[in-house]
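Single-structure report; data block below.
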Number of protein chains: 2
Amino acid sequence: MTPDLPVDVVELIGSVAGVFTTLAFLPQVLQIWRTHSTRDVSLGMYLIFCSGVTLWLVYGLLIGSVPVVVANAVTLALASTILGMKLAWRKGEQAAAEPVV
Amino acid sequence: MTPDLPVDVVELIGSVAGVFTTLAFLPQVLQIWRTHSTRDVSLGMYLIFCSGVTLWLVYGLLIGSVPVVVANAVTLALASTILGMKLAWRKGEQAAAEPVV
């Protein structure tokens with residue numbers, strides 16, 4: 001089913017995919033940094049995602065794959081920054097959400 | 001540097017990593033569905049991320065890798081759901097943000 005594309009074109013598609021799915025988290029980091037607001041960002045998502053990316057990093061080290069290690073190290077840095085900001089500003093958001101009696 | 005782990009243990013780590021980074025988006029989908037609020041979720045992130053995951057899907061088809069295709073098909077379904085809800089409810093949020101004159 002797969003068309004016969006030269007290997008380097010196929011690898012280029014994989015590399016561009018890796019760059020996109022890695023750097024995609026940068027706009028979210030910048031938005032949260034600008035607004036200091038994380039209410040709509042799911043804590044559960046980033047706890048699970050950071051665990052998964054950490055496992056990908058371990059996997060990349062075990063198979064000795066530099067692209068897997070580099071891509072997941074950058075993704076982990078960005079995703080854990082989002083997780084850190086979410087945890088840091090969460091109390092403020094909970095307090096703001098509670099009705100003042 | 002890498003310890004000698006049996007191949008199936010290494011592959012297990014990769015599989016669990018894939019399941020985590022795929023299903024991580026489910027809590028974000030459920031939160032947005034429950035709150036109908038996407039203001040803090042970055043539109044830029046999900047535009048770039050969905051493009052990247054689509055490229056991973058094409059890459060997986062080209063190299064004939066079922067795990068890459070399945071993981072990225074599920075991730076694309078979840079991430080594009082978030083993107084769709086963000087686009088759908090964005091106007092409402094912008095209108096709410098504008099001061100009433």
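Lettering and numbering for the structure tokens are positional, with chains as A, B, ... in the shown order, residues counted from 1 in each chain, and ligands counted from 1 in the shown order.
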Checklist entry - Could you write out as a PyMOL selection string the residues of chain B within 9 Å of chain A, counting only C-alpha atoms? => result chain B and resi 1-5+10-11+13-14+16-29+31-32+35+37-56+58-64
Item to check | Per-residue DSSP, chain A, filtered to alpha helix (DSSP H), as a PyMOL selection string | outcome: chain A and resi 7-23+25-35+43-63+66-97
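The gap separating atom CA of A:Trp33 from atom CA of A:Thr81 is 9.8 Å, in Å to one decimal.
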